[in-house]
$ cat protein26.json   # JSON, C-alpha atoms
[["chain", "number", "residue", "atom", "x", "y", "z"],
["A", 1, "SER", "CA", -211.55, -246.58, 70.16],
["A", 2, "SER", "CA", -211.35, -244.63, 66.92],
["A", 3, "ILE", "CA", -215.14, -244.68, 66.57],
["A", 4, "ALA", "CA", -215.50, -243.64, 70.23],
["A", 5, "ALA", "CA", -213.17, -240.70, 69.64],
["A", 6, "GLN", "CA", -215.28, -239.53, 66.69],
["A", 7, "LEU", "CA", -218.48, -239.88, 68.71],
["A", 8, "ALA", "CA", -216.90, -237.84, 71.49],
["A", 9, "LEU", "CA", -216.42, -235.05, 68.95],
["A", 10, "GLY", "CA", -220.19, -234.99, 68.46],
["A", 11, "ARG", "CA", -220.35, -236.75, 65.11],
["A", 12, "SER", "CA", -223.25, -238.98, 64.10],
["A", 13, "VAL", "CA", -222.77, -242.75, 64.25],
["A", 14, "PRO", "CA", -222.53, -243.22, 60.43],
["A", 15, "GLU", "CA", -220.03, -240.38, 60.08],
["A", 16, "ALA", "CA", -218.03, -241.60, 63.09],
["A", 17, "VAL", "CA", -217.73, -245.06, 61.54],
["A", 18, "TYR", "CA", -216.83, -243.59, 58.15],
["A", 19, "ARG", "CA", -214.08, -241.36, 59.55],
["A", 20, "ALA", "CA", -212.73, -244.11, 61.80],
["A", 21, "LYS", "CA", -212.40, -246.45, 58.82],
["A", 22, "ALA", "CA", -210.57, -243.76, 56.85],
["A", 23, "TYR", "CA", -208.21, -243.12, 59.77],
["A", 24, "LEU", "CA", -207.38, -246.80, 60.24],
["A", 25, "THR", "CA", -206.90, -247.26, 56.48],
["A", 26, "GLU", "CA", -204.32, -244.47, 56.43],
["A", 27, "VAL", "CA", -202.59, -245.70, 59.59],
["A", 28, "LEU", "CA", -202.34, -249.23, 58.21],
["A", 29, "SER", "CA", -200.91, -247.95, 54.92],
["A", 30, "HIS", "CA", -198.06, -246.24, 56.77],
["A", 31, "SER", "CA", -197.37, -248.89, 59.40],
["A", 32, "ARG", "CA", -195.38, -251.14, 57.10],
["A", 33, "ASP", "CA", -192.55, -248.58, 57.07],
["A", 34, "LEU", "CA", -191.95, -248.92, 60.82],
["A", 35, "GLN", "CA", -190.27, -252.33, 60.39],
["A", 36, "LEU", "CA", -190.90, -253.23, 64.03],
["A", 37, "GLY", "CA", -192.18, -256.43, 65.61],
["A", 38, "GLY", "CA", -191.98, -260.01, 64.42],
["A", 39, "GLY", "CA", -195.48, -260.46, 63.01],
["A", 40, "PRO", "CA", -196.69, -260.00, 59.45],
["A", 41, "HIS", "CA", -197.72, -256.42, 60.09],
["A", 42, "GLY", "CA", -196.17, -254.95, 63.22],
["A", 43, "PRO", "CA", -197.40, -252.03, 65.34],
["A", 44, "LEU", "CA", -199.72, -249.31, 64.09],
["A", 45, "ASN", "CA", -198.20, -245.97, 63.15],
["A", 46, "HIS", "CA", -200.66, -243.69, 64.95],
["A", 47, "LEU", "CA", -198.46, -240.68, 64.22],
["A", 48, "SER", "CA", -198.63, -241.18, 60.45],
["A", 49, "SER", "CA", -200.48, -237.91, 59.95],
["A", 50, "VAL", "CA", -197.46, -235.94, 61.17],
["A", 51, "THR", "CA", -194.62, -238.26, 60.21],
["A", 52, "ALA", "CA", -195.52, -239.36, 56.70],
["A", 53, "LYS", "CA", -197.18, -238.12, 53.55],
["A", 54, "PRO", "CA", -200.70, -239.43, 52.83],
["A", 55, "VAL", "CA", -200.75, -242.49, 50.60],
["A", 56, "TRP", "CA", -203.25, -242.27, 47.73],
["A", 57, "PRO", "CA", -206.02, -243.36, 47.36],
["A", 58, "VAL", "CA", -206.84, -243.01, 51.07],
["A", 59, "ARG", "CA", -209.82, -240.68, 51.21],
["A", 60, "ALA", "CA", -209.13, -237.44, 53.04],
["A", 61, "THR", "CA", -212.00, -237.87, 55.47],
["A", 62, "LEU", "CA", -210.23, -236.28, 58.42],
["A", 63, "ALA", "CA", -210.05, -232.90, 56.71],
["A", 64, "ALA", "CA", -211.95, -229.99, 58.18],
["A", 65, "THR", "CA", -215.59, -229.67, 57.22],
["A", 66, "SER", "CA", -216.26, -226.99, 54.60],
["A", 67, "THR", "CA", -219.35, -225.04, 53.57],
["A", 68, "VAL", "CA", -220.52, -224.82, 49.98],
["A", 69, "ALA", "CA", -223.52, -222.78, 48.87],
["A", 70, "GLY", "CA", -224.50, -222.41, 52.53],
["A", 71, "VAL", "CA", -224.61, -226.16, 53.13],
["A", 72, "GLU", "CA", -222.12, -227.97, 55.33],
["A", 73, "GLN", "CA", -220.17, -230.49, 53.27],
["A", 74, "PRO", "CA", -218.16, -233.05, 55.29],
["A", 75, "ASP", "CA", -215.08, -234.56, 53.68],
["A", 76, "ALA", "CA", -215.19, -232.27, 50.66],
["A", 77, "ALA", "CA", -211.51, -232.70, 49.81],
["A", 78, "PRO", "CA", -211.05, -234.80, 46.65],
["A", 79, "ALA", "CA", -209.63, -238.30, 47.04],
["A", 80, "LEU", "CA", -208.06, -237.98, 43.61],
["A", 81, "PRO", "CA", -204.42, -237.09, 43.07],
["A", 82, "PRO", "CA", -204.12, -233.47, 41.85],
["A", 83, "GLY", "CA", -204.66, -233.17, 38.13],
["A", 84, "SER", "CA", -206.32, -236.56, 37.66],
["A", 85, "LEU", "CA", -209.34, -235.12, 35.87],
["A", 86, "LEU", "CA", -207.37, -233.01, 33.40],
["A", 87, "LEU", "CA", -207.59, -235.42, 30.44],
["A", 88, "TYR", "CA", -210.11, -238.14, 31.28],
["A", 89, "ALA", "CA", -210.26, -240.94, 28.70],
["A", 90, "ILE", "CA", -213.42, -243.07, 28.42],
["A", 91, "THR", "CA", -213.03, -246.30, 26.50],
["A", 92, "ASP", "CA", -215.37, -247.45, 23.73],
["A", 93, "VAL", "CA", -215.33, -251.10, 22.74],
["A", 94, "SER", "CA", -216.86, -250.45, 19.30],
["A", 95, "GLN", "CA", -214.15, -247.95, 18.42],
["A", 96, "ASN", "CA", -211.44, -250.32, 19.63],
["A", 97, "SER", "CA", -212.94, -253.07, 17.48],
["A", 98, "LYS", "CA", -213.13, -250.73, 14.50],
["A", 99, "HIS", "CA", -209.38, -250.13, 14.71],
["A", 100, "GLY", "CA", -208.54, -253.72, 15.61],
["A", 101, "ARG", "CA", -207.02, -252.94, 18.99],
["A", 102, "SER", "CA", -207.41, -254.65, 22.36],
["A", 103, "MET", "CA", -208.35, -252.92, 25.58],
["A", 104, "TYR", "CA", -204.76, -253.39, 26.74],
["A", 105, "ASP", "CA", -203.38, -251.58, 23.69],
["A", 106, "ALA", "CA", -206.03, -248.85, 23.83],
["A", 107, "VAL", "CA", -205.43, -248.00, 27.49],
["A", 108, "ARG", "CA", -201.67, -248.28, 27.16],
["A", 109, "GLY", "CA", -201.74, -245.84, 24.26],
["A", 110, "ALA", "CA", -203.98, -243.38, 26.11],
["A", 111, "ILE", "CA", -201.82, -243.35, 29.24],
["A", 112, "ALA", "CA", -198.57, -243.21, 27.28],
["A", 113, "GLY", "CA", -199.98, -240.24, 25.37],
["A", 114, "GLY", "CA", -200.84, -238.34, 28.54],
["A", 115, "ALA", "CA", -204.31, -239.36, 29.74],
["A", 116, "THR", "CA", -204.57, -238.54, 33.45],
["A", 117, "MET", "CA", -207.46, -240.90, 34.21],
["A", 118, "VAL", "CA", -209.23, -243.75, 32.41],
["A", 119, "GLN", "CA", -212.79, -245.00, 32.71],
["A", 120, "VAL", "CA", -213.40, -248.48, 31.33],
["A", 121, "ARG", "CA", -216.91, -248.56, 29.92],
["A", 122, "GLU", "CA", -218.43, -251.83, 28.69],
["A", 123, "LYS", "CA", -222.16, -252.28, 28.30],
["A", 124, "GLU", "CA", -222.69, -255.51, 26.38],
["A", 125, "VAL", "CA", -220.40, -258.04, 28.06],
["A", 126, "CYS", "CA", -220.89, -260.58, 30.83],
["A", 127, "THR", "CA", -219.45, -259.93, 34.27],
["A", 128, "ALA", "CA", -216.48, -262.28, 33.86],
["A", 129, "ASP", "CA", -215.47, -260.63, 30.57],
["A", 130, "TYR", "CA", -215.91, -257.16, 32.08],
["A", 131, "VAL", "CA", -213.60, -258.07, 34.97],
["A", 132, "ALA", "CA", -211.02, -259.46, 32.55],
["A", 133, "THR", "CA", -211.23, -256.31, 30.43],
["A", 134, "VAL", "CA", -210.63, -254.04, 33.43],
["A", 135, "ARG", "CA", -207.69, -256.18, 34.51],
["A", 136, "ASP", "CA", -206.23, -255.75, 31.01],
["A", 137, "ALA", "CA", -206.51, -251.99, 31.44],
["A", 138, "LEU", "CA", -204.83, -252.14, 34.84],
["A", 139, "ARG", "CA", -202.07, -254.33, 33.43],
["A", 140, "ALA", "CA", -201.44, -251.83, 30.64],
["A", 141, "ARG", "CA", -200.87, -249.07, 33.19],
["A", 142, "ASP", "CA", -198.77, -251.25, 35.48],
["A", 143, "ASP", "CA", -196.60, -252.42, 32.60],
["A", 144, "LEU", "CA", -195.83, -248.83, 31.65],
["A", 145, "ARG", "CA", -194.80, -248.13, 35.22],
["A", 146, "ALA", "CA", -192.65, -251.28, 35.41],
["A", 147, "GLU", "CA", -190.91, -250.26, 32.18],
["A", 148, "GLY", "CA", -190.06, -246.88, 33.66],
["A", 149, "LYS", "CA", -192.36, -245.05, 31.22],
["A", 150, "LEU", "CA", -194.92, -243.84, 33.76],
["A", 151, "HIS", "CA", -194.02, -241.66, 36.74],
["A", 152, "ARG", "CA", -197.45, -240.38, 37.79],
["A", 153, "THR", "CA", -200.61, -241.82, 39.25],
["A", 154, "VAL", "CA", -203.28, -242.61, 36.65],
["A", 155, "PRO", "CA", -206.51, -243.85, 38.26],
["A", 156, "ILE", "CA", -208.55, -246.43, 36.37],
["A", 157, "VAL", "CA", -212.25, -246.59, 37.24],
["A", 158, "VAL", "CA", -215.13, -248.78, 36.10],
["A", 159, "ASN", "CA", -218.34, -247.49, 34.59],
["A", 160, "ASP", "CA", -221.42, -248.43, 36.62],
["A", 161, "ARG", "CA", -220.38, -251.79, 38.07],
["A", 162, "ILE", "CA", -219.27, -251.89, 41.72],
["A", 163, "ASP", "CA", -218.93, -255.67, 41.61],
["A", 164, "VAL", "CA", -216.56, -255.44, 38.65],
["A", 165, "CYS", "CA", -214.57, -252.73, 40.43],
["A", 166, "LEU", "CA", -214.09, -254.90, 43.49],
["A", 167, "ALA", "CA", -213.36, -258.10, 41.57],
["A", 168, "SER", "CA", -210.84, -256.49, 39.22],
["A", 169, "GLY", "CA", -209.03, -254.32, 41.75],
["A", 170, "ALA", "CA", -209.82, -251.10, 39.88],
["A", 171, "ASP", "CA", -209.33, -247.76, 41.61],
["A", 172, "GLY", "CA", -212.99, -246.85, 41.74],
["A", 173, "VAL", "CA", -216.31, -246.55, 39.95],
["A", 174, "HIS", "CA", -218.29, -243.94, 38.05],
["A", 175, "VAL", "CA", -222.07, -244.13, 38.50],
["A", 176, "GLY", "CA", -224.48, -242.51, 36.09],
["A", 177, "ALA", "CA", -227.76, -240.79, 36.79],
["A", 178, "GLU", "CA", -229.71, -244.03, 36.27],
["A", 179, "ASP", "CA", -227.23, -246.33, 38.02],
["A", 180, "LEU", "CA", -226.63, -247.19, 41.68],
["A", 181, "ASP", "CA", -226.81, -244.10, 43.89],
["A", 182, "VAL", "CA", -223.62, -242.48, 45.17],
["A", 183, "ALA", "CA", -224.27, -243.24, 48.84],
["A", 184, "SER", "CA", -224.63, -246.96, 48.14],
["A", 185, "ALA", "CA", -221.50, -246.93, 46.00],
["A", 186, "ARG", "CA", -219.50, -245.19, 48.73],
["A", 187, "SER", "CA", -220.85, -247.55, 51.38],
["A", 188, "ALA", "CA", -219.92, -250.60, 49.32],
["A", 189, "LEU", "CA", -216.46, -249.39, 48.32],
["A", 190, "GLY", "CA", -215.43, -247.58, 51.50],
["A", 191, "PRO", "CA", -213.10, -244.58, 51.72],
["A", 192, "GLY", "CA", -210.20, -246.13, 49.81],
["A", 193, "LYS", "CA", -211.84, -246.12, 46.36],
["A", 194, "ILE", "CA", -212.82, -243.32, 43.99],
["A", 195, "VAL", "CA", -216.51, -242.66, 43.41],
["A", 196, "GLY", "CA", -217.51, -240.43, 40.53],
["A", 197, "ALA", "CA", -221.03, -239.42, 39.58],
["A", 198, "THR", "CA", -222.87, -237.86, 36.67],
["A", 199, "ALA", "CA", -224.48, -234.51, 37.42],
["A", 200, "LYS", "CA", -226.18, -232.34, 34.82],
["A", 201, "TYR", "CA", -227.54, -229.74, 37.25],
["A", 202, "PRO", "CA", -226.25, -228.02, 40.45],
["A", 203, "GLU", "CA", -228.73, -229.70, 42.78],
["A", 204, "ILE", "CA", -227.68, -233.14, 41.55],
["A", 205, "ALA", "CA", -224.01, -232.23, 41.90],
["A", 206, "ARG", "CA", -224.52, -231.02, 45.47],
["A", 207, "GLU", "CA", -226.39, -234.21, 46.32],
["A", 208, "ALA", "CA", -223.57, -236.32, 44.88],
["A", 209, "GLN", "CA", -220.98, -234.38, 46.87],
["A", 210, "ALA", "CA", -222.93, -234.70, 50.09],
["A", 211, "ARG", "CA", -223.23, -238.47, 49.62],
["A", 212, "GLY", "CA", -219.53, -239.08, 49.09],
["A", 213, "ALA", "CA", -218.62, -238.46, 45.44],
["A", 214, "ASP", "CA", -215.02, -237.47, 44.75],
["A", 215, "TYR", "CA", -215.88, -235.73, 41.49],
["A", 216, "VAL", "CA", -218.76, -235.25, 39.07],
["A", 217, "GLY", "CA", -218.93, -235.54, 35.30],
["A", 218, "CYS", "CA", -221.12, -232.82, 33.82],
["A", 219, "GLY", "CA", -222.67, -232.68, 30.37],
["A", 220, "ALA", "CA", -223.45, -232.94, 27.61],
["A", 221, "ILE", "CA", -221.60, -229.71, 26.94],
["A", 222, "PHE", "CA", -222.00, -230.10, 23.17],
["A", 223, "ALA", "CA", -224.00, -232.51, 21.03],
["A", 224, "SER", "CA", -222.47, -235.96, 21.44],
["A", 225, "SER", "CA", -222.15, -238.72, 18.85],
["A", 226, "THR", "CA", -221.60, -241.40, 21.51],
["A", 227, "LYS", "CA", -224.70, -240.33, 23.48],
["A", 228, "PRO", "CA", -226.99, -238.63, 20.92],
["A", 229, "GLY", "CA", -229.96, -238.64, 23.29],
["A", 230, "SER", "CA", -228.25, -236.61, 26.02],
["A", 231, "SER", "CA", -229.58, -233.06, 26.36],
["A", 232, "VAL", "CA", -227.03, -230.28, 25.90],
["A", 233, "ILE", "CA", -226.47, -227.89, 28.82],
["A", 234, "GLY", "CA", -223.73, -225.81, 27.22],
["A", 235, "LEU", "CA", -220.93, -223.90, 28.88],
["A", 236, "ASP", "CA", -223.33, -221.82, 30.99],
["A", 237, "GLY", "CA", -224.83, -224.96, 32.48],
["A", 238, "LEU", "CA", -221.35, -226.34, 33.12],
["A", 239, "ASN", "CA", -220.33, -223.18, 34.94],
["A", 240, "ARG", "CA", -223.38, -223.38, 37.19],
["A", 241, "VAL", "CA", -222.44, -226.90, 38.24],
["A", 242, "VAL", "CA", -218.76, -226.00, 38.77],
["A", 243, "GLN", "CA", -219.71, -223.10, 41.02],
["A", 244, "SER", "CA", -222.10, -225.21, 43.11],
["A", 245, "VAL", "CA", -219.63, -227.75, 44.54],
["A", 246, "ALA", "CA", -216.17, -228.00, 46.06],
["A", 247, "ILE", "CA", -215.28, -231.34, 44.46],
["A", 248, "GLY", "CA", -213.80, -231.50, 40.97],
["A", 249, "VAL", "CA", -215.98, -231.27, 37.88],
["A", 250, "VAL", "CA", -214.99, -232.81, 34.56],
["A", 251, "ALA", "CA", -216.78, -231.70, 31.38],
["A", 252, "ILE", "CA", -218.14, -234.39, 29.07],
["A", 253, "GLY", "CA", -220.22, -234.65, 25.93],
["A", 254, "GLY", "CA", -219.25, -233.70, 22.40],
["A", 255, "ILE", "CA", -215.84, -232.39, 23.42],
["A", 256, "THR", "CA", -213.23, -232.51, 20.65],
["A", 257, "SER", "CA", -209.80, -231.08, 20.01],
["A", 258, "SER", "CA", -211.43, -228.17, 18.16],
["A", 259, "ASN", "CA", -213.83, -227.04, 20.91],
["A", 260, "MET", "CA", -211.87, -228.16, 23.97],
["A", 261, "GLY", "CA", -210.12, -224.81, 24.36],
["A", 262, "SER", "CA", -213.42, -222.98, 24.79],
["A", 263, "VAL", "CA", -214.28, -225.21, 27.77],
["A", 264, "PHE", "CA", -211.17, -224.14, 29.67],
["A", 265, "GLU", "CA", -211.47, -220.51, 28.58],
["A", 266, "GLU", "CA", -215.15, -220.10, 29.46],
["A", 267, "CYS", "CA", -215.06, -222.28, 32.59],
["A", 268, "PRO", "CA", -211.81, -221.32, 34.37],
["A", 269, "ASN", "CA", -212.53, -223.50, 37.43],
["A", 270, "ILE", "CA", -213.15, -226.71, 35.51],
["A", 271, "ARG", "CA", -210.80, -229.55, 36.49],
["A", 272, "GLY", "CA", -210.67, -231.23, 33.10],
["A", 273, "VAL", "CA", -212.38, -232.71, 30.07],
["A", 274, "ALA", "CA", -213.56, -236.25, 29.29],
["A", 275, "LEU", "CA", -213.28, -237.58, 25.75],
["A", 276, "VAL", "CA", -214.16, -240.78, 23.94],
["A", 277, "SER", "CA", -214.00, -240.58, 20.14],
["A", 278, "SER", "CA", -211.20, -238.00, 19.96],
["A", 279, "ILE", "CA", -208.98, -240.55, 21.70],
["A", 280, "PHE", "CA", -210.18, -244.04, 20.81],
["A", 281, "ASP", "CA", -211.52, -243.41, 17.30],
["A", 282, "ALA", "CA", -208.09, -242.26, 16.14],
["A", 283, "PRO", "CA", -205.64, -244.42, 14.15],
["A", 284, "SER", "CA", -203.06, -243.92, 16.92],
["A", 285, "VAL", "CA", -204.44, -243.55, 20.44],
["A", 286, "GLU", "CA", -201.09, -242.41, 21.81],
["A", 287, "LYS", "CA", -200.59, -239.69, 19.20],
["A", 288, "ALA", "CA", -204.17, -238.47, 19.53],
["A", 289, "THR", "CA", -203.93, -238.27, 23.32],
["A", 290, "ASN", "CA", -200.57, -236.54, 23.17],
["A", 291, "GLY", "CA", -202.00, -233.95, 20.78],
["A", 292, "LEU", "CA", -204.86, -233.27, 23.19],
["A", 293, "ARG", "CA", -202.45, -232.80, 26.10],
["A", 294, "LYS", "CA", -200.51, -230.25, 24.07],
["A", 295, "LYS", "CA", -203.69, -228.34, 23.26],
["A", 296, "ILE", "CA", -204.68, -228.31, 26.92],
["A", 297, "ALA", "CA", -201.23, -227.02, 27.87],
["A", 298, "ALA", "CA", -201.70, -224.17, 25.40],
["A", 299, "THR", "CA", -204.92, -223.02, 27.09],
["A", 300, "THR", "CA", -205.51, -221.46, 30.48],
["A", 301, "PRO", "CA", -204.73, -224.26, 33.01],
["A", 302, "PRO", "CA", -207.73, -225.44, 35.05],
["A", 303, "CYS", "CA", -207.83, -224.75, 38.80]]

$ encode --input "protein26.json" --output "structure tokens"
Amino acid sequence: SSIAAQLALGRSVPEAVYRAKAYLTEVLSHSRDLQLGGGPHGPLNHLSSVTAKPVWPVRATLAATSTVAGVEQPDAAPALPPGSLLLYAITDVSQNSKHGRSMYDAVRGAIAGGATMVQVREKEVCTADYVATVRDALRARDDLRAEGKLHRTVPIVVNDRIDVCLASGADGVHVGAEDLDVASARSALGPGKIVGATAKYPEIAREAQARGADYVGCGAIFASSTKPGSSVIGLDGLNRVVQSVAIGVVAIGGITSSNMGSVFEECPNIRGVALVSSIFDAPSVEKATNGLRKKIAATTPPC
């Protein structure tokens, strides 16, 4: 009936199915609070949209359609909690090994220090080890929350691998320019997971948004030691991407504590910055991350 209602509104079959799934996901997430009926679930709370606050990470697919750069963009509202992209930490196994720390300790330190989102990136491990590594990262976050040391939502996403995301229970996936396309990632993960994409140019960013990305990572902004072959687009290129889409854009590539301020100052609508070495190549991940948060707070806050 939910699909039929969407079709009656004139939506295409794929969009009707997509929106119906999002609606039912949100309804199911709120129905547990009704405490009615004798079964394991109880009745559906069809009035959840007016009686309860949305439960993250349900994708806001029932929002009004918006127009960006003259192109209609359905479901443009980000699925991310506000502020998630502000300080985006990307793990590096070689840097963790250099400092003799586990993924658990690295992610725990980053989140405790103020990272607002974490991407677990592993390139040279088998699938089973990758899943175990992501679960360690999730456990680090959950332990902080259980200890009463974390009172905010910190999404943890997987680089590239949708299968690892699903097997580990991660919050989503980030796909690069040469990885699985955004539409396939969104189709596989559904509306309840985060999908991020890499976009160096406005046309790529608009394509990612149209196909279901929640945010895009844009860069390299400066020359990067972790990806030396990535071409530099600079702050002007970053601004062009930011202005081309409604979803959040996070700057990446060569960003350090010394040049981070210029990103926020020159790109006032940027949602945040993504860092690798400045966080995980430090003797203390927590102290390094905390220092970055303080520097961000001292600059013009992103929109």

$ atom_distance --input "protein26.json" --atom1 "CA of Ser258 in chain A" --atom2 "CA of Lys295 in chain A"
9.3 Å

$ residues_around --input "protein26.json" --residues "Ile279 in chain A" --least-positions-apart "2" --cutoff "10 Å" --atoms "all atoms listed in the file" --output "CSV table (one decimal) with C-alpha atoms, keeping the file's coordinate frame"
chain,number,residue,atom,x,y,z
A,88,TYR,CA,-210.1,-238.1,31.3
A,89,ALA,CA,-210.3,-240.9,28.7
A,90,ILE,CA,-213.4,-243.1,28.4
A,91,THR,CA,-213.0,-246.3,26.5
A,92,ASP,CA,-215.4,-247.4,23.7
A,95,GLN,CA,-214.2,-248.0,18.4
A,106,ALA,CA,-206.0,-248.8,23.8
A,109,GLY,CA,-201.7,-245.8,24.3
A,110,ALA,CA,-204.0,-243.4,26.1
A,113,GLY,CA,-200.0,-240.2,25.4
A,115,ALA,CA,-204.3,-239.4,29.7
A,256,THR,CA,-213.2,-232.5,20.6
A,257,SER,CA,-209.8,-231.1,20.0
A,274,ALA,CA,-213.6,-236.2,29.3
A,275,LEU,CA,-213.3,-237.6,25.8
A,276,VAL,CA,-214.2,-240.8,23.9
A,277,SER,CA,-214.0,-240.6,20.1
A,281,ASP,CA,-211.5,-243.4,17.3
A,282,ALA,CA,-208.1,-242.3,16.1
A,283,PRO,CA,-205.6,-244.4,14.2
A,284,SER,CA,-203.1,-243.9,16.9
A,285,VAL,CA,-204.4,-243.6,20.4
A,286,GLU,CA,-201.1,-242.4,21.8
A,287,LYS,CA,-200.6,-239.7,19.2
A,288,ALA,CA,-204.2,-238.5,19.5
A,289,THR,CA,-203.9,-238.3,23.3
A,290,ASN,CA,-200.6,-236.5,23.2
A,291,GLY,CA,-202.0,-234.0,20.8
A,292,LEU,CA,-204.9,-233.3,23.2

$ closest_residue --input "protein26.json" --among "A:Ala20, A:Gln6, A:Ser97, A:Cys126" --to "Gly190 in chain A" --atoms "only C-alpha atoms"
A:Ala20

$ closest_residue --input "protein26.json" --among "A:Leu85, A:Met260, A:Ile156, A:Cys267" --to "Lys294 in chain A" --atoms "all atoms listed in the file"
A:Met260

$ closest_residue --input "protein26.json" --among "A:Val158, A:Val182, A:Ala208, A:Ala146" --to "Ala246 in chain A" --atoms "only C-alpha atoms"
A:Ala208

$ closest_atom_pairs --input "protein26.json" --of "range 115-185 of chain A" --to "range 101-105 of chain A" --cutoff "9 Å" --atoms "all atoms listed in the file" --output "Markdown table"
| residue | atom | partner | partner_atom | distance |
| --- | --- | --- | --- | --- |
| A:Val120 | CA | A:Met103 | CA | 8.8 |
| A:Thr133 | CA | A:Met103 | CA | 6.6 |
| A:Val134 | CA | A:Met103 | CA | 8.3 |
| A:Arg135 | CA | A:Tyr104 | CA | 8.8 |
| A:Asp136 | CA | A:Tyr104 | CA | 5.1 |
| A:Ala137 | CA | A:Tyr104 | CA | 5.2 |
| A:Leu138 | CA | A:Tyr104 | CA | 8.2 |
| A:Arg139 | CA | A:Tyr104 | CA | 7.3 |
| A:Ala140 | CA | A:Tyr104 | CA | 5.4 |
| A:Arg141 | CA | A:Tyr104 | CA | 8.7 |

$ residues_around --input "protein26.json" --residues "Ala177 in chain A" --least-positions-apart "4" --cutoff "10 Å" --atoms "only C-alpha atoms" --output "PyMOL selection string"
chain A and resi 160+181-182+197-200+204

$ atom_distance --input "protein26.json" --atom1 "CA of Ala170 in chain A" --atom2 "CA of Val157 in chain A"
5.8 Å

$ atom_distance --input "protein26.json" --atom1 "CA of Ser225 in chain A" --atom2 "CA of Gly254 in chain A"
6.8 Å

$ closest_residue --input "protein26.json" --among "A:Ala251, A:Pro268, A:Leu150, A:Val17" --to "Thr299 in chain A" --atoms "all atoms listed in the file"
A:Pro268

$ residues_near_point --input "protein26.json" --point "(-213.3, -229.2, 37.6)" --cutoff "7 Å" --atoms "all atoms listed in the file" --output "ChimeraX atom specification"
/A:242,248-250,269-272

$ closest_residue --input "protein26.json" --among "A:Met117, A:Ala223, A:Leu144, A:Ile111" --to "Leu86 in chain A" --atoms "all atoms listed in the file"
A:Met117

$ residues_around --input "protein26.json" --residues "Asn159 in chain A" --least-positions-apart "3" --cutoff "9 Å" --atoms "all atoms listed in the file" --output "JSON list (two decimals) with C-alpha atoms, in the frame of the given file"
[["chain", "number", "residue", "atom", "x", "y", "z"],
["A", 119, "GLN", "CA", -212.79, -245.00, 32.71],
["A", 120, "VAL", "CA", -213.40, -248.48, 31.33],
["A", 121, "ARG", "CA", -216.91, -248.56, 29.92],
["A", 122, "GLU", "CA", -218.43, -251.83, 28.69],
["A", 123, "LYS", "CA", -222.16, -252.28, 28.30],
["A", 162, "ILE", "CA", -219.27, -251.89, 41.72],
["A", 165, "CYS", "CA", -214.57, -252.73, 40.43],
["A", 172, "GLY", "CA", -212.99, -246.85, 41.74],
["A", 173, "VAL", "CA", -216.31, -246.55, 39.95],
["A", 174, "HIS", "CA", -218.29, -243.94, 38.05],
["A", 175, "VAL", "CA", -222.07, -244.13, 38.50],
["A", 176, "GLY", "CA", -224.48, -242.51, 36.09]]
